[in-house]
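Coordinates as given in run-v7.cif (mmCIF, C-alpha atoms):
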```cif
data_run
loop_
_atom_site.label_atom_id
_atom_site.label_comp_id
_atom_site.auth_asym_id
_atom_site.auth_seq_id
_atom_site.Cartn_x
_atom_site.Cartn_y
_atom_site.Cartn_z
CA MET O 28 -20.03 -3.51 -2.95
CA VAL O 29 -17.40 -5.43 -0.98
CA PRO O 30 -18.80 -8.98 -1.39
CA LYS O 31 -18.99 -8.57 -5.17
CA ILE O 32 -15.46 -7.09 -5.37
CA ILE O 33 -14.00 -9.92 -3.29
CA LYS O 34 -15.87 -12.59 -5.26
CA THR O 35 -14.76 -11.18 -8.63
CA THR O 36 -11.14 -10.90 -7.52
CA THR O 37 -10.85 -14.31 -5.87
CA GLU O 38 -12.27 -15.87 -9.04
CA THR O 39 -9.20 -14.51 -10.87
CA GLY O 40 -6.86 -16.38 -8.50
CA VAL O 41 -6.24 -13.84 -5.72
CA VAL O 42 -6.20 -15.55 -2.31
CA HIS O 43 -5.73 -12.72 0.22
CA PHE O 44 -6.12 -8.94 0.40
CA ALA O 45 -4.03 -6.79 2.74
CA VAL O 46 -6.41 -3.99 3.74
CA ASN O 47 -4.84 -0.98 5.46
CA GLY O 48 -6.44 1.28 8.04
CA LEU O 49 -5.35 4.91 7.86
CA SER O 50 -6.59 6.53 11.06
CA GLU O 51 -8.48 5.92 14.28
CA LYS O 52 -11.71 6.56 12.37
CA ASP O 53 -11.44 3.47 10.17
CA TRP O 54 -9.59 0.85 12.23
CA HIS O 55 -12.90 -0.62 13.43
CA LEU O 56 -14.09 -0.96 9.82
CA VAL O 57 -10.96 -2.88 8.83
CA LYS O 58 -11.42 -5.14 11.85
CA GLU O 59 -15.06 -5.79 10.91
CA MET O 60 -14.05 -6.65 7.33
CA SER O 61 -11.41 -9.05 8.59
CA GLU O 62 -13.89 -10.80 10.87
CA ARG O 63 -16.41 -11.16 8.06
CA TYR O 64 -14.10 -12.19 5.21
CA PRO O 65 -11.41 -14.88 5.68
CA SER O 66 -9.48 -13.46 2.69
CA ILE O 67 -8.94 -10.05 4.35
CA VAL O 68 -5.61 -9.56 6.15
CA PRO O 69 -6.15 -6.49 8.36
CA ASN O 70 -3.58 -3.75 8.88
CA PHE O 71 -3.92 -0.95 11.43
CA GLY O 72 -1.85 2.20 11.27
CA LEU O 73 -1.83 5.99 11.35
CA HIS O 74 -1.06 7.36 7.88
CA PRO O 75 1.03 10.56 7.81
CA TRP O 76 -1.83 12.51 6.19
CA PHE O 77 -3.99 11.96 9.28
CA ILE O 78 -1.59 12.51 12.17
CA THR O 79 -3.02 15.95 12.96
CA GLU O 80 -6.38 14.28 13.71
CA ARG O 81 -5.01 11.81 16.24
CA THR O 82 -6.33 11.69 19.78
CA PRO O 83 -4.10 11.79 22.88
CA ASN O 84 -4.58 8.01 23.30
CA TRP O 85 -4.02 7.05 19.66
CA LEU O 86 -1.02 4.82 20.33
CA LYS O 87 -2.76 2.97 23.15
CA THR O 88 -5.79 2.47 20.90
CA LEU O 89 -3.61 1.21 18.05
CA ARG O 90 -1.86 -1.25 20.35
CA GLY O 91 -5.25 -2.46 21.52
CA PHE O 92 -6.41 -3.16 17.96
CA LEU O 93 -3.21 -5.00 17.12
CA GLU O 94 -3.12 -7.06 20.31
CA SER O 95 -6.80 -8.04 20.01
CA THR O 96 -6.35 -8.94 16.32
CA PRO O 97 -3.49 -11.45 16.01
CA ALA O 98 -4.03 -11.59 12.24
CA ALA O 99 -3.22 -7.89 11.86
CA ALA O 100 -0.06 -6.25 10.53
CA VAL O 101 0.91 -2.59 11.02
CA GLY O 102 -0.01 -0.07 8.36
CA GLU O 103 -0.35 2.16 6.64
CA ILE O 104 2.33 4.32 8.24
CA GLY O 105 5.07 6.46 6.73
CA LEU O 106 6.57 9.79 5.68
CA ASP O 107 5.33 12.24 3.05
CA LYS O 108 6.89 15.38 1.57
CA GLY O 109 4.56 15.41 -1.43
CA SER O 110 2.05 18.10 -2.36
CA PHE O 111 -0.24 17.18 0.55
CA GLY O 112 2.27 15.77 3.01
CA ARG O 113 4.45 18.87 3.03
CA LYS O 114 1.60 20.75 4.71
CA ILE O 115 2.02 18.49 7.75
CA ASP O 116 4.85 19.03 10.25
CA PHE O 117 7.59 16.65 9.17
CA ALA O 118 9.15 16.22 12.61
CA ASP O 119 5.73 15.11 13.84
CA GLN O 120 5.47 12.65 10.95
CA VAL O 121 8.84 11.16 11.88
CA ASP O 122 7.89 10.85 15.55
CA VAL O 123 4.56 9.13 14.79
CA CYS O 124 6.18 6.79 12.30
CA ARG O 125 8.98 5.91 14.74
CA GLN O 126 6.48 4.98 17.46
CA GLN O 127 4.57 2.71 15.08
CA LEU O 128 7.76 1.03 13.89
CA GLN O 129 8.61 0.36 17.53
CA LEU O 130 5.17 -1.18 18.02
CA ALA O 131 5.68 -3.41 14.97
CA LYS O 132 9.00 -4.56 16.44
CA GLU O 133 7.52 -5.27 19.87
CA LEU O 134 4.60 -7.27 18.47
CA GLU O 135 6.71 -8.91 15.75
CA ARG O 136 4.38 -7.83 12.94
CA PRO O 137 5.37 -6.55 9.49
CA ALA O 138 4.68 -2.91 8.61
CA SER O 139 3.40 -1.32 5.40
CA ILE O 140 5.14 1.99 4.74
CA HIS O 141 4.02 4.90 2.55
CA CYS O 142 6.89 7.12 1.40
CA VAL O 143 6.72 10.11 -0.93
CA ARG O 144 9.80 12.23 -1.67
CA ALA O 145 11.28 11.25 1.69
CA PHE O 146 13.28 8.09 1.02
CA GLY O 147 16.48 9.52 2.50
CA ASP O 148 14.64 10.52 5.66
CA LEU O 149 12.97 7.12 5.86
CA LEU O 150 16.29 5.36 5.48
CA ASP O 151 17.75 7.43 8.32
CA LEU O 152 14.72 6.67 10.49
CA LEU O 153 14.91 2.93 9.83
CA LYS O 154 18.63 2.85 10.58
CA SER O 155 18.16 4.71 13.86
CA ALA O 156 15.12 2.66 14.89
CA GLY O 157 16.91 -0.63 14.32
CA PRO O 158 15.82 -3.79 12.50
CA VAL O 159 12.14 -4.68 12.09
CA PRO O 160 12.36 -8.47 12.62
CA ALA O 161 9.10 -9.26 10.79
CA GLY O 162 10.06 -7.09 7.81
CA PHE O 163 8.37 -4.13 6.16
CA ILE O 164 6.80 -3.21 2.83
CA LEU O 165 7.70 -0.13 0.83
CA HIS O 166 4.26 0.21 -0.68
CA SER O 167 3.87 1.41 -4.31
CA TYR O 168 7.64 1.83 -4.44
CA LEU O 169 8.84 4.52 -6.85
CA GLY O 170 12.26 5.17 -5.35
CA SER O 171 15.59 4.86 -7.12
CA ALA O 172 17.58 1.72 -7.90
CA GLU O 173 20.48 3.19 -5.92
CA MET O 174 18.51 3.10 -2.64
CA VAL O 175 17.36 -0.50 -3.00
CA PRO O 176 20.42 -2.20 -1.43
CA GLU O 177 20.28 -0.07 1.72
CA PHE O 178 16.56 -0.71 2.25
CA ALA O 179 16.95 -4.41 1.44
CA LYS O 180 19.65 -4.75 4.12
CA LEU O 181 17.14 -3.46 6.66
CA GLY O 182 14.52 -6.06 5.68
CA ALA O 183 12.48 -4.19 3.05
CA TYR O 184 10.08 -5.76 0.59
CA PHE O 185 9.34 -3.65 -2.48
CA SER O 186 5.72 -3.59 -3.63
CA PHE O 187 4.58 -2.37 -7.05
CA SER O 188 1.23 -1.03 -8.21
CA GLY O 189 -0.16 0.62 -11.34
CA PHE O 190 1.71 3.79 -10.37
CA LEU O 191 4.85 2.11 -11.72
CA MET O 192 3.42 2.58 -15.21
CA SER O 193 3.84 6.35 -14.82
CA MET O 194 7.61 6.00 -14.35
CA LYS O 195 9.92 6.18 -17.35
CA GLU O 196 10.24 2.57 -18.52
CA SER O 197 14.04 2.52 -18.58
CA LYS O 198 14.20 3.85 -15.01
CA ALA O 199 11.54 1.38 -13.84
CA LYS O 200 13.38 -1.51 -15.44
CA LYS O 201 16.71 -0.53 -13.85
CA MET O 202 15.07 -0.22 -10.45
CA LEU O 203 13.20 -3.53 -10.72
CA LYS O 204 16.31 -5.42 -11.76
CA SER O 205 18.17 -4.09 -8.70
CA ILE O 206 15.71 -5.75 -6.30
CA PRO O 207 16.40 -9.24 -4.96
CA LYS O 208 13.78 -11.64 -6.32
CA ASP O 209 12.82 -12.71 -2.80
CA ARG O 210 11.75 -9.13 -1.95
CA ILE O 211 9.34 -8.37 -4.81
CA LEU O 212 5.63 -7.89 -4.09
CA LEU O 213 2.67 -6.82 -6.23
CA GLU O 214 -0.36 -4.73 -5.26
CA THR O 215 -3.14 -2.66 -6.82
CA ASP O 216 -3.44 0.15 -4.22
CA ALA O 217 -7.13 0.00 -5.13
CA PRO O 218 -9.20 2.12 -5.33
CA GLU O 219 -6.26 4.28 -6.49
CA ALA O 220 -3.50 3.59 -9.05
CA LEU O 221 -5.68 2.50 -11.97
CA PRO O 222 -3.23 0.92 -14.46
CA LYS O 223 -2.66 2.89 -17.66
CA LEU O 224 -3.20 0.47 -20.53
CA SER O 225 -3.26 0.82 -24.30
CA ASN O 226 -6.48 -1.21 -24.16
CA PRO O 227 -8.40 0.05 -21.12
CA ASP O 228 -11.38 -2.14 -22.03
CA SER O 229 -9.59 -5.04 -20.33
CA LEU O 230 -9.58 -3.29 -16.94
CA TYR O 231 -11.81 -4.31 -14.06
CA LEU O 232 -13.56 -1.17 -12.79
CA ILE O 233 -15.55 -0.16 -9.72
CA GLU O 234 -18.29 2.32 -10.41
CA LYS O 235 -18.95 4.61 -7.47
CA GLU O 236 -22.32 4.11 -5.85
CA ALA O 237 -24.74 6.93 -6.62
CA SER O 238 -25.82 7.16 -2.98
CA SER O 239 -23.02 9.52 -1.92
CA ALA O 240 -25.08 12.38 -0.52
CA ASP O 241 -22.31 14.95 -0.39
CA GLY O 242 -20.78 14.05 -3.74
CA THR O 243 -17.40 13.21 -2.23
CA SER O 244 -15.29 10.41 -3.60
CA SER O 245 -15.17 7.10 -1.80
CA GLY O 246 -11.60 6.68 -3.01
CA GLY O 247 -8.63 5.87 -0.80
CA ILE O 248 -5.15 7.29 -0.48
CA ASN O 249 -3.10 8.31 -3.50
CA ASP O 250 0.58 7.60 -2.98
CA GLY O 251 1.47 11.17 -3.88
CA ASN O 252 3.16 10.39 -7.17
CA PRO O 253 3.54 13.85 -8.77
CA SER O 254 3.06 12.46 -12.26
CA GLU O 255 -0.26 10.85 -11.34
CA LYS O 256 -3.34 12.98 -12.03
CA SER O 257 -6.13 13.09 -9.49
CA PRO O 258 -9.71 12.67 -10.76
CA GLU O 259 -10.22 16.43 -10.48
CA GLU O 260 -7.23 17.06 -12.76
CA ASP O 261 -8.32 14.63 -15.44
CA LYS O 262 -10.08 17.24 -17.55
CA GLY O 263 -10.38 14.94 -20.53
CA ASN O 264 -12.72 12.56 -18.78
CA GLU O 265 -14.02 14.17 -15.59
CA GLN O 266 -17.26 12.24 -15.35
CA GLN O 267 -15.62 8.83 -15.72
CA ALA O 268 -12.79 9.72 -13.33
CA GLU O 269 -15.28 10.76 -10.65
CA GLU O 270 -17.29 7.56 -10.93
CA ILE O 271 -14.70 4.83 -11.50
CA HIS O 272 -12.10 3.39 -9.13
CA ASN O 273 -9.39 0.78 -9.49
CA HIS O 274 -10.39 -2.84 -8.79
CA PRO O 275 -8.24 -5.39 -6.91
CA ALA O 276 -8.54 -7.83 -9.83
CA ASN O 277 -6.32 -5.48 -11.84
CA ILE O 278 -3.39 -7.05 -9.99
CA HIS O 279 -3.07 -9.16 -13.16
CA HIS O 280 -2.21 -6.06 -15.23
CA VAL O 281 0.45 -5.07 -12.70
CA LEU O 282 1.77 -8.63 -12.85
CA SER O 283 2.00 -8.54 -16.65
CA TYR O 284 3.79 -5.18 -16.71
CA VAL O 285 6.34 -6.00 -14.02
CA ALA O 286 7.00 -9.44 -15.54
CA SER O 287 7.69 -7.86 -18.93
CA LEU O 288 10.25 -5.47 -17.45
CA LEU O 289 11.94 -8.27 -15.52
CA GLU O 290 11.87 -10.52 -18.61
CA LEU O 291 9.98 -13.20 -16.71
CA THR O 292 6.80 -15.04 -17.59
CA LYS O 293 3.67 -14.01 -15.71
CA GLU O 294 3.61 -17.46 -14.12
CA GLU O 295 7.19 -17.12 -12.87
CA LEU O 296 6.59 -13.71 -11.32
CA ALA O 297 3.25 -14.78 -9.83
CA GLU O 298 4.99 -17.67 -8.09
CA ILE O 299 7.75 -15.36 -6.81
CA SER O 300 5.35 -12.68 -5.52
CA PHE O 301 3.01 -15.22 -3.93
CA ALA O 302 5.88 -16.93 -2.10
CA ASN O 303 7.23 -13.58 -0.87
CA ALA O 304 3.84 -12.37 0.34
CA SER O 305 3.13 -15.69 2.06
CA ARG O 306 6.48 -15.54 3.86
CA LEU O 307 6.05 -11.90 4.94
CA PHE O 308 2.51 -12.42 6.25
CA SER O 309 3.19 -15.72 8.02
CA TYR O 310 3.68 -14.28 11.50
CA GLU O 311 2.07 -15.92 14.53
CA GLY O 312 -1.70 -15.51 14.37
CA SER O 313 -1.78 -14.61 10.69
CA LYS O 314 -4.45 -15.89 8.32
CA VAL O 315 -1.78 -16.75 5.75
#
```
Starting from the coordinates I provided, produce the structure as structure tokens.
Amino acid sequence: MVPKIIKTTTETGVVHFAVNGLSEKDWHLVKEMSERYPSIVPNFGLHPWFITERTPNWLKTLRGFLESTPAAAVGEIGLDKGSFGRKIDFADQVDVCRQQLQLAKELERPASIHCVRAFGDLLDLLKSAGPVPAGFILHSYLGSAEMVPEFAKLGAYFSFSGFLMSMKESKAKKMLKSIPKDRILLETDAPEALPKLSNPDSLYLIEKEASSADGTSSGGINDGNPSEKSPEEDKGNEQQAEEIHNHPANIHHVLSYVASLLELTKEELAEISFANASRLFSYEGSKV
């Protein structure tokens, strides 16, 4: 399905995709995608949901992937106190995240950070770890406006996906307007975070292949937003939810929504986001 997804999305104007690895089990797949598709910017990281599965040599392996792939950034890493993350020892999450931040600093690569209900803890960790020279992304950011200045001082970029549409509009608008324009990024978090639209017929969709022998979803990582229903919880449309995933081309719907809240044209915000992403991903060896 990947060639078709990439072709459809690039035809809408998307130039690059940042694809995040989540554990030792998928880093090789991200590397293979990057080698096959010039548009793929690889990211390797150990997501907090998978830290209990790590091997004794995980950090050495991660360093090896990053050093042998100059185009790669670090991610997805982070902290999670959400419904799933709270089952995982939080001190262990902090330790694993700290080690990966240190690796990002050493290799001068940006990092993509997942954070659910742990923004205060993340802020403390970032302050104690020291500056990340290449910058870092707060992916699918749903934190408060009040925390923006502190994160921005430390080099944060704030990335928004369809999950933003689940936040109360007045709160989302206040938070967006608190962010410096040179730190705004857009994402889809595909195959998760399908935008909620009044006219869903305009969405690009990915229908799950019928070849899944065990019936499990091929979906990725949900950012833990408590107001976001999982496919299993969507009782009103179970069959569709099980078979359809978000498509990267839906970045245009995220663009339209964020632009409307910021009172910008889509063209203005597209130019801002593109410039910010190009700057962040322009480290030595990058494809950008």
### Task
Any chance you could resolve the PyMOL selection byres ((chain O and resi 299-312) around 6) against this file and give the residues as a PyMOL selection string?
chain O and resi 97-98+209+211-212+296-298+313+315
### Residue neighbourhood Ile78 of chain O, 10 Å, all atoms listed in the file, exclusion window fewer than 2 positions, as an MDAnalysis selection string
chainID O and resid 49:51 73:76 80:82 85 104 115:116 119:120 123:124
### Task
Apply the PyMOL selection byres ((chain O and resi 30) around 12) to the displayed file and report the matching residues as number ranges by chain.
O: 28-29, 31-37, 60, 63-67
## Note on the structure
In terms of all atoms listed in the file, the residue from O:Phe77, O:Leu153, O:Met202, O:Phe178 at minimal distance from Gly112 of chain O is O:Phe77
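Distance check against Thr215 of chain O using only C-alpha atoms: of O:Lys87, O:Lys114, O:His166, O:Lys195, the minimum falls on O:His166.
Distance annotation: of O:Lys314, O:Lys200, O:Arg210, O:Ile140, the residue with the minimal separation from Ala99 of chain O is O:Lys314; atom set is all atoms listed in the file.
One finds atom CA of Ile233 of chain O at 29.1 Å from atom CA of Pro137 of chain O.
Residues with any atom within 12 Å of Glu59 of chain O, counting only C-alpha atoms and excluding same-chain neighbours fewer than 2 positions away, are Val46, Gly48, Asp53, Trp54, His55, Leu56, Val57, Ser61, Glu62, Arg63, Tyr64, Pro65, Ile67, Val68, Pro69, Asn70, Phe92 and Thr96 of chain O.
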### Message
the PyMOL selection byres ((chain O and resi 125) around 12) - which residues does that actually catch in the file I just gave you? List them as an NGL selection string.
### Response
:O and (72-73 or 75 or 86 or 104-106 or 118-124 or 126-132 or 138 or 140 or 148-157 or 159)
